[in-house]
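The data block below is structure10.tsv; it holds TSV, C-alpha atoms and all ligand atoms.
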```
chain	number	residue	atom	x	y	z
A	1	MET	CA	62.91	16.71	19.35
A	2	SER	CA	64.45	20.14	19.76
A	3	PRO	CA	64.14	22.80	17.05
A	4	THR	CA	67.81	22.31	16.20
A	5	GLU	CA	67.48	18.54	15.85
A	6	ILE	CA	64.49	19.02	13.56
A	7	LEU	CA	66.27	21.73	11.58
A	8	ALA	CA	69.22	19.36	11.04
A	9	LYS	CA	66.79	16.72	9.69
A	10	LEU	CA	65.03	19.20	7.38
A	11	VAL	CA	68.26	20.72	6.03
A	12	ALA	CA	69.56	17.21	5.23
A	13	PHE	CA	66.79	16.75	2.62
A	14	ASP	CA	68.03	18.16	-0.68
A	15	SER	CA	64.66	19.69	-1.53
A	16	VAL	CA	65.87	22.09	-4.23
A	17	SER	CA	62.79	23.08	-6.23
A	18	SER	CA	63.93	21.23	-9.36
A	19	ARG	CA	63.82	17.95	-7.39
A	20	SER	CA	61.08	16.07	-5.52
A	21	ASN	CA	60.10	17.27	-2.04
A	22	LEU	CA	58.27	14.03	-1.21
A	23	SER	CA	60.90	12.70	1.19
A	24	VAL	CA	60.85	15.82	3.37
A	25	ILE	CA	57.02	15.95	3.26
A	26	ARG	CA	56.85	12.28	4.25
A	27	TRP	CA	59.28	12.86	7.10
A	28	ILE	CA	57.14	15.73	8.41
A	29	GLY	CA	53.99	13.57	8.00
A	30	ASP	CA	55.63	10.74	9.99
A	31	TYR	CA	56.79	13.14	12.68
A	32	LEU	CA	53.25	14.50	13.07
A	33	ALA	CA	51.78	10.98	13.04
A	34	GLY	CA	54.19	10.12	15.84
A	35	HIS	CA	52.41	12.77	17.90
A	36	GLY	CA	48.97	11.58	16.83
A	37	VAL	CA	48.41	14.42	14.38
A	38	ALA	CA	46.97	13.33	11.02
A	39	ALA	CA	48.29	15.23	8.02
A	40	ALA	CA	46.70	15.60	4.61
A	41	ILE	CA	49.19	15.21	1.77
A	42	ILE	CA	48.05	17.18	-1.27
A	43	GLU	CA	49.90	15.83	-4.28
A	44	ALA	CA	50.94	17.94	-7.24
A	45	PRO	CA	48.67	17.60	-10.25
A	46	GLY	CA	49.92	15.64	-13.25
A	47	GLY	CA	51.88	13.07	-11.27
A	48	GLU	CA	54.83	15.35	-10.52
A	49	PRO	CA	56.64	13.88	-7.48
A	50	LYS	CA	55.84	16.80	-5.19
A	51	ALA	CA	53.28	17.52	-2.49
A	52	ASN	CA	51.93	20.01	0.02
A	53	LEU	CA	51.10	19.07	3.60
A	54	TRP	CA	48.19	20.41	5.66
A	55	ALA	CA	47.66	19.47	9.29
A	56	SER	CA	45.55	20.86	12.10
A	57	VAL	CA	45.89	20.91	15.87
A	58	GLY	CA	43.03	21.97	18.13
A	59	PRO	CA	39.28	22.10	17.69
A	60	ASP	CA	37.63	21.22	14.39
A	61	ARG	CA	36.25	24.62	13.53
A	62	ASP	CA	36.68	27.67	11.30
A	63	GLY	CA	38.58	30.78	12.36
A	64	GLY	CA	42.01	29.25	12.95
A	65	ILE	CA	45.56	30.44	12.36
A	66	VAL	CA	47.67	29.05	9.50
A	67	LEU	CA	51.42	28.70	9.98
A	68	SER	CA	52.74	28.62	6.43
A	69	GLY	CA	56.13	27.55	5.14
A	70	HIS	CA	57.66	26.18	1.96
A	71	THR	CA	59.75	23.01	1.97
A	72	ASP	CA	61.71	23.74	-1.21
A	73	VAL	CA	65.01	25.61	-1.31
A	74	VAL	CA	67.02	27.37	-4.00
A	75	PRO	CA	69.95	25.66	-5.77
A	76	VAL	CA	73.51	25.66	-4.45
A	77	GLU	CA	75.27	25.04	-7.77
A	78	GLY	CA	77.96	27.57	-8.57
A	79	GLN	CA	77.96	29.02	-5.06
A	80	PRO	CA	81.15	28.95	-2.98
A	81	TRP	CA	79.95	27.09	0.14
A	82	SER	CA	82.49	26.49	2.92
A	83	SER	CA	80.86	23.20	3.88
A	84	ASP	CA	78.16	20.79	2.68
A	85	PRO	CA	75.02	22.94	2.26
A	86	PHE	CA	72.80	20.02	3.27
A	87	THR	CA	74.53	19.36	6.59
A	88	LEU	CA	73.60	21.73	9.42
A	89	ARG	CA	76.84	23.25	10.70
A	90	ASP	CA	77.34	24.99	14.03
A	91	GLY	CA	78.96	28.38	13.47
A	92	GLY	CA	78.94	29.64	17.07
A	93	ASP	CA	76.15	32.23	17.10
A	94	ARG	CA	74.56	30.82	13.94
A	95	TRP	CA	73.59	27.67	12.08
A	96	PHE	CA	74.78	27.26	8.50
A	97	GLY	CA	72.88	25.26	5.88
A	98	ARG	CA	70.68	25.69	2.81
A	99	GLY	CA	67.19	26.65	3.97
A	100	THR	CA	68.13	27.60	7.53
A	101	SER	CA	66.69	31.08	7.00
A	102	ASP	CA	64.53	30.42	3.94
A	103	MET	CA	62.66	28.76	5.49
A	104	LYS	CA	63.20	25.44	7.19
A	105	GLY	CA	64.03	27.25	10.44
A	106	PHE	CA	60.42	28.37	10.77
A	107	ILE	CA	59.08	24.90	9.91
A	108	ALA	CA	61.43	23.35	12.50
A	109	LEU	CA	60.04	25.68	15.19
A	110	CYS	CA	56.43	24.84	14.24
A	111	LEU	CA	57.13	21.11	14.46
A	112	ALA	CA	59.13	21.32	17.69
A	113	LEU	CA	56.16	22.99	19.38
A	114	VAL	CA	53.61	20.33	18.37
A	115	PRO	CA	53.82	18.59	21.79
A	116	GLU	CA	53.20	21.96	23.46
A	117	MET	CA	50.19	22.65	21.19
A	118	LEU	CA	48.74	19.23	22.04
A	119	LYS	CA	49.20	19.70	25.77
A	120	ARG	CA	47.04	22.84	25.79
A	121	LYS	CA	43.31	22.97	25.32
A	122	LEU	CA	43.33	25.20	22.27
A	123	LYS	CA	40.19	27.16	21.53
A	124	THR	CA	41.50	28.38	18.18
A	125	PRO	CA	42.85	25.72	15.81
A	126	LEU	CA	46.38	26.00	14.46
A	127	HIS	CA	47.07	24.72	10.95
A	128	PHE	CA	50.33	23.85	9.24
A	129	ALA	CA	50.48	24.60	5.51
A	130	PHE	CA	53.79	23.39	4.09
A	131	SER	CA	54.18	23.79	0.34
A	132	TYR	CA	56.51	22.97	-2.58
A	133	ASP	CA	57.83	25.02	-5.52
A	134	GLU	CA	57.54	28.38	-3.75
A	135	GLU	CA	60.96	29.42	-4.95
A	136	ILE	CA	60.09	29.00	-8.62
A	137	GLY	CA	56.97	31.15	-8.56
A	138	CYS	CA	54.72	30.02	-5.68
A	139	LEU	CA	53.48	27.20	-7.90
A	140	GLY	CA	52.74	24.60	-5.21
A	141	ALA	CA	50.51	26.29	-2.63
A	142	PRO	CA	47.49	27.08	-4.85
A	143	ASN	CA	46.20	23.50	-5.02
A	144	MET	CA	46.36	23.31	-1.21
A	145	ILE	CA	44.78	26.74	-0.76
A	146	ALA	CA	41.99	25.64	-3.14
A	147	GLU	CA	40.90	23.11	-0.49
A	148	ILE	CA	40.43	25.79	2.17
A	149	GLY	CA	36.76	26.09	3.02
A	150	LYS	CA	36.14	22.70	1.35
A	151	ARG	CA	38.24	19.80	2.56
A	152	PHE	CA	39.86	22.03	5.20
A	153	ARG	CA	38.27	24.42	7.67
A	154	GLN	CA	38.35	28.14	6.78
A	155	PRO	CA	41.00	29.84	8.93
A	156	ARG	CA	40.94	33.55	9.68
A	157	VAL	CA	44.64	34.37	9.71
A	158	ALA	CA	47.76	33.20	7.85
A	159	ILE	CA	51.26	33.81	9.19
A	160	ILE	CA	53.81	33.21	6.44
A	161	GLY	CA	57.08	32.47	8.20
A	162	GLU	CA	59.44	33.83	5.53
A	163	PRO	CA	62.56	35.41	7.02
A	164	THR	CA	61.71	38.96	8.11
A	165	GLU	CA	63.77	38.92	11.33
A	166	LEU	CA	60.31	38.65	12.94
A	167	LYS	CA	59.30	42.07	11.69
A	168	LEU	CA	55.81	42.49	10.29
A	169	GLY	CA	55.68	42.33	6.49
A	170	THR	CA	52.24	43.57	5.51
A	171	ARG	CA	52.62	44.19	1.78
A	172	HIS	CA	54.62	43.13	-1.26
A	173	LYS	CA	54.48	43.52	-4.98
A	174	GLY	CA	52.87	40.98	-7.27
A	175	CYS	CA	55.23	39.07	-9.56
A	176	TYR	CA	54.21	37.98	-13.04
A	177	SER	CA	56.53	36.45	-15.60
A	178	PHE	CA	56.10	35.97	-19.32
A	179	THR	CA	57.77	34.51	-22.38
A	180	THR	CA	57.50	36.50	-25.60
A	181	THR	CA	58.35	34.38	-28.62
A	182	ILE	CA	59.15	35.97	-31.95
A	183	THR	CA	58.84	33.81	-35.07
A	184	GLY	CA	60.58	34.79	-38.32
A	185	LYS	CA	61.75	32.85	-41.33
A	186	ASP	CA	65.04	30.98	-41.69
A	187	GLY	CA	67.43	30.92	-44.64
A	188	HIS	CA	71.12	31.15	-45.50
A	189	SER	CA	72.95	33.94	-43.74
A	190	SER	CA	74.38	35.14	-47.06
A	191	GLN	CA	70.88	36.27	-48.08
A	192	PRO	CA	69.30	37.88	-45.02
A	193	GLU	CA	66.57	39.60	-47.04
A	194	ARG	CA	65.18	36.19	-48.13
A	195	GLY	CA	64.31	35.37	-44.54
A	196	LEU	CA	63.16	37.27	-41.51
A	197	ASN	CA	65.55	37.53	-38.60
A	198	ALA	CA	63.75	36.80	-35.33
A	199	ILE	CA	66.70	38.05	-33.24
A	200	LEU	CA	66.48	41.48	-34.82
A	201	ALA	CA	62.72	41.56	-34.24
A	202	ALA	CA	63.27	40.39	-30.63
A	203	ALA	CA	65.66	43.30	-30.13
A	204	GLU	CA	62.80	45.64	-31.04
A	205	VAL	CA	60.49	43.90	-28.57
A	206	ALA	CA	63.17	44.18	-25.88
A	207	THR	CA	63.63	47.88	-26.60
A	208	GLU	CA	59.88	48.46	-26.43
A	209	LEU	CA	59.71	46.70	-23.04
A	210	GLY	CA	62.50	49.03	-21.94
A	211	ARG	CA	60.43	52.04	-23.07
A	212	ILE	CA	57.37	50.77	-21.19
A	213	TYR	CA	59.53	50.33	-18.09
A	214	ASP	CA	60.84	53.90	-18.44
A	215	ARG	CA	57.25	55.15	-18.39
A	216	LEU	CA	56.52	53.14	-15.22
A	217	ARG	CA	59.62	54.60	-13.58
A	218	HIS	CA	58.81	58.18	-14.46
A	219	ASP	CA	55.02	58.28	-14.44
A	220	GLY	CA	54.18	55.73	-11.71
A	221	PRO	CA	51.89	54.83	-10.07
A	222	PHE	CA	54.15	55.09	-7.04
A	223	ASP	CA	54.03	53.48	-3.60
A	224	LYS	CA	56.74	54.85	-1.34
A	225	SER	CA	56.67	51.84	0.97
A	226	PHE	CA	58.58	49.88	-1.69
A	227	ASP	CA	62.12	50.12	-2.97
A	228	PRO	CA	61.94	51.02	-5.81
A	229	PRO	CA	58.61	52.82	-5.31
A	230	HIS	CA	57.31	51.95	-8.78
A	231	SER	CA	56.46	48.81	-10.75
A	232	THR	CA	59.35	47.14	-12.55
A	233	ILE	CA	60.06	45.18	-15.71
A	234	ASN	CA	63.15	43.00	-16.00
A	235	LEU	CA	64.32	41.08	-19.03
A	236	GLY	CA	65.94	37.98	-17.58
A	237	ARG	CA	66.77	35.68	-20.47
A	238	ILE	CA	66.94	35.69	-24.22
A	239	ASN	CA	67.27	32.62	-26.36
A	240	GLY	CA	67.26	32.46	-30.14
A	241	GLY	CA	68.81	31.32	-33.38
A	242	THR	CA	70.47	28.10	-34.46
A	243	ALA	CA	73.88	28.90	-35.96
A	244	VAL	CA	75.87	31.89	-37.12
A	245	ASN	CA	75.27	31.07	-40.80
A	246	ILE	CA	71.49	30.64	-40.51
A	247	ILE	CA	68.93	33.44	-40.35
A	248	ALA	CA	67.38	33.11	-36.89
A	249	ARG	CA	63.85	31.76	-37.24
A	250	SER	CA	62.88	31.98	-33.57
A	251	CYS	CA	63.85	34.02	-30.55
A	252	SER	CA	62.24	34.22	-27.13
A	253	ILE	CA	62.56	36.64	-24.24
A	254	GLU	CA	61.71	35.77	-20.64
A	255	TRP	CA	60.75	38.82	-18.61
A	256	ASP	CA	58.95	39.69	-15.42
A	257	PHE	CA	56.72	42.43	-14.17
A	258	ARG	CA	56.52	43.33	-10.48
A	259	GLY	CA	53.65	45.67	-9.84
A	260	VAL	CA	53.03	47.83	-6.81
A	261	PRO	CA	49.71	46.70	-5.24
A	262	GLY	CA	46.80	47.73	-7.41
A	263	VAL	CA	48.82	47.59	-10.63
A	264	THR	CA	48.30	44.45	-12.71
A	265	PRO	CA	50.38	43.47	-15.74
A	266	SER	CA	47.45	44.00	-18.11
A	267	ALA	CA	48.38	47.60	-18.94
A	268	VAL	CA	51.94	46.52	-19.80
A	269	LEU	CA	50.70	43.66	-21.95
A	270	GLU	CA	48.31	46.00	-23.77
A	271	SER	CA	51.10	48.53	-24.43
A	272	LEU	CA	53.34	45.81	-25.80
A	273	GLN	CA	50.53	44.42	-27.96
A	274	ARG	CA	49.80	47.89	-29.40
A	275	PHE	CA	53.43	48.15	-30.49
A	276	VAL	CA	53.40	44.62	-31.92
A	277	ASP	CA	50.11	44.95	-33.84
A	278	GLY	CA	50.40	48.60	-34.84
A	279	ASP	CA	54.09	48.91	-35.68
A	280	LEU	CA	56.24	45.78	-35.60
A	281	LEU	CA	54.13	43.12	-37.36
A	282	PRO	CA	53.06	45.40	-40.24
A	283	ARG	CA	56.79	45.81	-40.99
A	284	LEU	CA	57.57	42.09	-40.61
A	285	LYS	CA	54.68	40.46	-42.46
A	286	PRO	CA	55.70	41.56	-45.97
A	287	ALA	CA	59.01	39.72	-45.54
A	288	ALA	CA	57.42	36.64	-43.96
A	289	PRO	CA	53.65	36.12	-43.67
A	290	GLU	CA	54.32	33.59	-40.89
A	291	ALA	CA	55.89	36.29	-38.70
A	292	ALA	CA	54.40	36.22	-35.21
A	293	VAL	CA	54.97	37.70	-31.75
A	294	ILE	CA	53.24	35.76	-29.00
A	295	THR	CA	53.41	36.52	-25.27
A	296	LYS	CA	52.50	33.72	-22.88
A	297	PRO	CA	52.23	33.93	-19.08
A	298	ARG	CA	54.58	31.75	-17.01
A	299	VAL	CA	54.03	32.58	-13.37
A	300	ALA	CA	51.56	34.82	-11.54
A	301	VAL	CA	52.05	35.58	-7.85
A	302	PRO	CA	49.47	38.03	-6.53
A	303	PRO	CA	50.60	40.97	-4.40
A	304	LEU	CA	50.07	41.08	-0.65
A	305	ILE	CA	47.74	44.03	-0.31
A	306	GLU	CA	48.03	46.06	2.87
A	307	GLU	CA	45.06	45.40	5.16
A	308	HIS	CA	44.47	48.34	7.40
A	309	ASP	CA	43.75	46.94	10.89
A	310	GLY	CA	43.58	43.43	9.43
A	311	ALA	CA	43.18	40.47	11.79
A	312	ALA	CA	46.70	39.13	11.10
A	313	GLU	CA	48.47	42.42	11.72
A	314	THR	CA	46.35	43.16	14.79
A	315	LEU	CA	47.20	39.74	16.25
A	316	LEU	CA	50.94	40.06	15.60
A	317	ARG	CA	51.10	43.62	16.89
A	318	LEU	CA	49.57	42.29	20.11
A	319	LEU	CA	51.92	39.29	20.32
A	320	THR	CA	55.15	41.04	19.31
A	321	GLY	CA	54.56	44.52	20.71
A	322	GLN	CA	55.61	45.97	17.35
A	323	ASN	CA	53.84	48.97	15.89
A	324	ASP	CA	55.80	49.20	12.65
A	325	SER	CA	55.25	47.23	9.52
A	326	PHE	CA	57.14	47.18	6.24
A	327	GLY	CA	56.80	46.46	2.53
A	328	MET	CA	58.84	43.53	1.28
A	329	SER	CA	60.94	43.51	-1.86
A	330	PHE	CA	60.22	39.81	-2.43
A	331	ALA	CA	57.02	37.97	-3.30
A	332	THR	CA	55.57	35.26	-1.05
A	333	GLU	CA	52.54	32.95	-0.79
A	334	ALA	CA	50.83	35.55	1.42
A	335	GLY	CA	48.86	37.08	-1.46
A	336	GLN	CA	47.57	33.63	-2.38
A	337	PHE	CA	46.22	33.09	1.14
A	338	GLN	CA	44.79	36.61	1.10
A	339	SER	CA	43.01	35.84	-2.17
A	340	ALA	CA	41.38	32.86	-0.41
A	341	GLY	CA	39.80	35.18	2.14
A	342	LEU	CA	42.39	34.98	4.92
A	343	SER	CA	44.02	37.91	6.61
A	344	ALA	CA	47.72	37.40	5.84
A	345	ILE	CA	51.03	38.67	7.16
A	346	VAL	CA	54.68	37.70	6.65
A	347	CYS	CA	56.70	37.23	9.83
A	348	GLY	CA	59.41	34.67	10.46
A	349	PRO	CA	62.88	34.15	11.90
A	350	GLY	CA	66.08	34.74	9.93
A	351	SER	CA	67.05	37.37	7.42
A	352	ILE	CA	66.23	37.68	3.74
A	353	GLN	CA	69.81	38.95	3.38
A	354	GLN	CA	70.91	35.37	4.06
A	355	ALA	CA	68.36	33.70	1.83
A	356	HIS	CA	69.60	32.30	-1.47
A	357	GLN	CA	73.24	33.05	-0.50
A	358	PRO	CA	76.22	30.71	-0.24
A	359	ASP	CA	76.81	29.85	3.43
A	360	GLU	CA	73.17	30.68	4.21
A	361	PHE	CA	72.69	30.83	7.96
A	362	ILE	CA	70.21	31.68	10.67
A	363	LEU	CA	71.27	33.37	13.90
A	364	LYS	CA	70.55	31.20	16.92
A	365	GLU	CA	68.96	34.21	18.63
A	366	GLN	CA	66.47	34.39	15.74
A	367	LEU	CA	65.41	30.80	16.41
A	368	VAL	CA	65.02	31.59	20.10
A	369	ALA	CA	62.94	34.69	19.34
A	370	GLY	CA	60.89	32.79	16.75
A	371	GLU	CA	60.13	30.05	19.27
A	372	ALA	CA	59.05	32.66	21.82
A	373	LEU	CA	56.68	34.21	19.28
A	374	LEU	CA	55.14	30.83	18.40
A	375	ARG	CA	54.67	30.14	22.11
A	376	ARG	CA	52.72	33.40	22.33
A	377	VAL	CA	50.61	32.29	19.37
A	378	ILE	CA	49.87	29.05	21.25
A	379	ASP	CA	49.01	30.99	24.44
A	380	TRP	CA	46.66	33.19	22.44
A	381	ALA	CA	45.02	30.19	20.76
A	382	GLU	CA	44.42	28.63	24.17
A	383	LYS	CA	42.62	31.70	25.47
A	384	ASN	CA	40.73	32.97	22.43
B	401	ZN	ZN	61.23	31.64	1.05
```

Output the file's structure as structure tokens, nothing else.
Ligand SMILES: [Zn+2]
Amino acid sequence: MSPTEILAKLVAFDSVSSRSNLSVIRWIGDYLAGHGVAAAIIEAPGGEPKANLWASVGPDRDGGIVLSGHTDVVPVEGQPWSSDPFTLRDGGDRWFGRGTSDMKGFIALCLALVPEMLKRKLKTPLHFAFSYDEEIGCLGAPNMIAEIGKRFRQPRVAIIGEPTELKLGTRHKGCYSFTTTITGKDGHSSQPERGLNAILAAAEVATELGRIYDRLRHDGPFDKSFDPPHSTINLGRINGGTAVNIIARSCSIEWDFRGVPGVTPSAVLESLQRFVDGDLLPRLKPAAPEAAVITKPRVAVPPLIEEHDGAAETLLRLLTGQNDSFGMSFATEAGQFQSAGLSAIVCGPGSIQQAHQPDEFILKEQLVAGEALLRRVIDWAEKN
């Protein structure tokens, strides 16, 4: 099958992260089986109907190259699409469809080149690592990555095919999200002093997070390869109260922290906790002994830390002829592979400007260039 035919198949699976990805994983598994390549399906823990897929081509040894992609896509609800997002549409110089850039285009290229990989006598194995739930916090890949060096051979390099227009993404921030829940005491709204209003307390927590963010903006640490060059805090959602005539008993804030490499969220959490324990709770407890402010982690995606002269960057510099690299504004699974001892880089066809947008597309020339790059990877794996 051609890359376009495979891309049309992949786009047709509505694999939005909130739904199962099993049908697209099974299709990929069947496609590989049709070429005699056995795939391992790594199911999500807890019986969730989702799975990763790992497959290898070439010799059974360590030191291979991982080609990594995620099978899930972001939702289309509320977006003004000009045509069905799950039907690949020819737009002249581009293909429209959800996931064309992010990142079924890359997976389609990998699969289309399987016959070519099998024809060669590869010295270096090539591995496919296709995950689920990347878009909601890189939740799927870890239980596949955990098998590296155990059930699966230990590769040396991971190429994460997220859309970079085939430029070399060598670093990105870590992304950590949290829910802070404030508990007060309910009562009739006519007598606010008999209860403890959790919304008012949450407003203080929100303001404190804003102050902590101001310090990060002004005092750093800074890394000029990112835009913005400092770590960030964003409050994304607030949810609290029951009705206008009831004192709000509970309120929660969902927020995220994106740290420049080397900066973990622990300093932010400690700052917040100092405010809560030293200032806020002592003022709340007299009104309601049950008052509480609890922060729980939701998602933790490690940063991709720049590797100076790392194996992945060295290989892709050689294969692409590029000397420049860049820091990405978005988080990927690359840091998770790096944490497992692989040298990791982000490089794939399509543009992040198109990702997550209505009428997402990939330029046909990007698919052509991506195929050429993968052919050079295959050439290299045959010789080295
Ligand atoms: Zn992506």

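Once only C-alpha atoms and all ligand atoms are used for the distance check, the residues close to ligand ZN 401 (chain B) at 6 Å turn out to be Asp102, Met103 and Glu162 of chain A.
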
Inset, instruction - Would you list the contacts of range 62-76 of chain A as a PyMOL selection string, taking every protein, DNA or RNA residue within 8 Å and counting only C-alpha atoms, but skipping same-chain residues closer than 6 positions in sequence? - result: chain A and resi 15-17+21+24-25+85+98-99+102-104+106-107+110+124-135+153-162+356+358

Inset, instruction - For each of A:Arg217, A:Phe222, A:Thr179, A:Gln357, take the minimum atom-to-atom distance to Glu77 in chain A, counting all atoms listed in the file, then give the residue where this is smallest. - result: A:Gln357

Inset, instruction - Tell me which protein, DNA and RNA residues are within 8 Å of His172 in chain A, counting only C-alpha atoms, leaving out same-chain ones fewer than 3 positions away, and put them as a list in words. - result: Gly169, Phe226, Val260, Pro261, Pro303, Leu304, Ile305, Gly327, Met328, Ser329, Phe330, Ala331 and Thr332 of chain A

Inset, instruction - State, in Å with one decimal place, the distance from CA of Asp324 in chain A to CA of Ile378 in chain A. - result: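 Between CA of Asp324 in chain A and CA of Ile378 in chain A the gap works out to 22.7 Å.
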
Inset, instruction - Could you tell me how far CA of Ile6 in chain A lies from CA of Ala108 in chain A, in Å and to one decimal? - result: 5.4 Å

Inset, instruction - Select, from A:Leu139, A:Ala287, A:Thr181, A:Leu280, the residue with the minimum atom-to-atom distance to Asn239 in chain A, counting only C-alpha atoms. - result: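 The shortest atom-to-atom distance to Asn239 in chain A comes from A:Thr181.
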
Legend entry - For Asn323 in chain A, the nearest of the candidates A:Leu367, A:Arg94, A:Leu10, A:Lys167, counting only C-alpha atoms: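 Closest to Asn323 in chain A, using only C-alpha atoms: A:Lys167.
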
Inset, instruction - Have a look at CA of Val301 in chain A and CA of Leu315 in chain A and let me know their distance in Å, one decimal. - result: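 Calculated distance between CA of Val301 in chain A and CA of Leu315 in chain A is 24.9 Å.
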
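Closest approach to Val268 in chain A among A:Ala39, A:Ala202, A:Val244, A:Leu216: A:Leu216, based on only C-alpha atoms.
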
Legend entry - Selected residue of minimal separation from Gly321 in chain A among A:Ile294, A:Leu166, A:Leu111, A:Ala206, counting only C-alpha atoms: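 Nearest to Gly321 in chain A: A:Leu166.
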
Legend entry - Of the listed residues A:Gln336, A:Gln79, A:Asn143, A:Ser18, that which approaches Gly174 in chain A most closely, counting only C-alpha atoms: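 Of A:Gln336, A:Gln79, A:Asn143, A:Ser18, the one nearest Gly174 in chain A, counting only C-alpha atoms, is A:Gln336.
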
Inset, instruction - Write out as a PyMOL selection string which residues come within 12 Å of Pro286 in chain A when counting all atoms listed in the file, dropping same-chain ones fewer than 4 positions away. - result: chain A and resi 184-185+193-196+280-282+290-291

Please produce an output containing C-alpha atoms for each residue in the selection, written as a PDB file, keeping the file's coordinate frame.
```
ATOM      1  CA  GLY A 184      60.580  34.790 -38.320  1.00  0.00           C
ATOM      2  CA  LYS A 185      61.750  32.850 -41.330  1.00  0.00           C
ATOM      3  CA  GLU A 193      66.570  39.600 -47.040  1.00  0.00           C
ATOM      4  CA  ARG A 194      65.180  36.190 -48.130  1.00  0.00           C
ATOM      5  CA  GLY A 195      64.310  35.370 -44.540  1.00  0.00           C
ATOM      6  CA  LEU A 196      63.160  37.270 -41.510  1.00  0.00           C
ATOM      7  CA  LEU A 280      56.240  45.780 -35.600  1.00  0.00           C
ATOM      8  CA  LEU A 281      54.130  43.120 -37.360  1.00  0.00           C
ATOM      9  CA  PRO A 282      53.060  45.400 -40.240  1.00  0.00           C
ATOM     10  CA  GLU A 290      54.320  33.590 -40.890  1.00  0.00           C
ATOM     11  CA  ALA A 291      55.890  36.290 -38.700  1.00  0.00           C
TER      12      ALA A 291
END
```

Inset, instruction - Quick one: everything within 12 Å of Ala267 in chain A, counting all atoms listed in the file, minus sequence neighbours fewer than 3 positions away in the same chain. Send it as a PyMOL selection string. - result: chain A and resi 212-213+215-216+221+231+257+259+262-264+270-274

Inset, instruction - Find the residues around range 147-152 of chain A up to 10 Å (only C-alpha atoms counted), leave out those fewer than 2 positions away in its own chain, and share them as JSON, numbers by chain. - result: {"A": [40, 42, 54, 55, 56, 60, 61, 62, 127, 142, 143, 144, 145, 154, 155, 337, 340, 341, 342]}
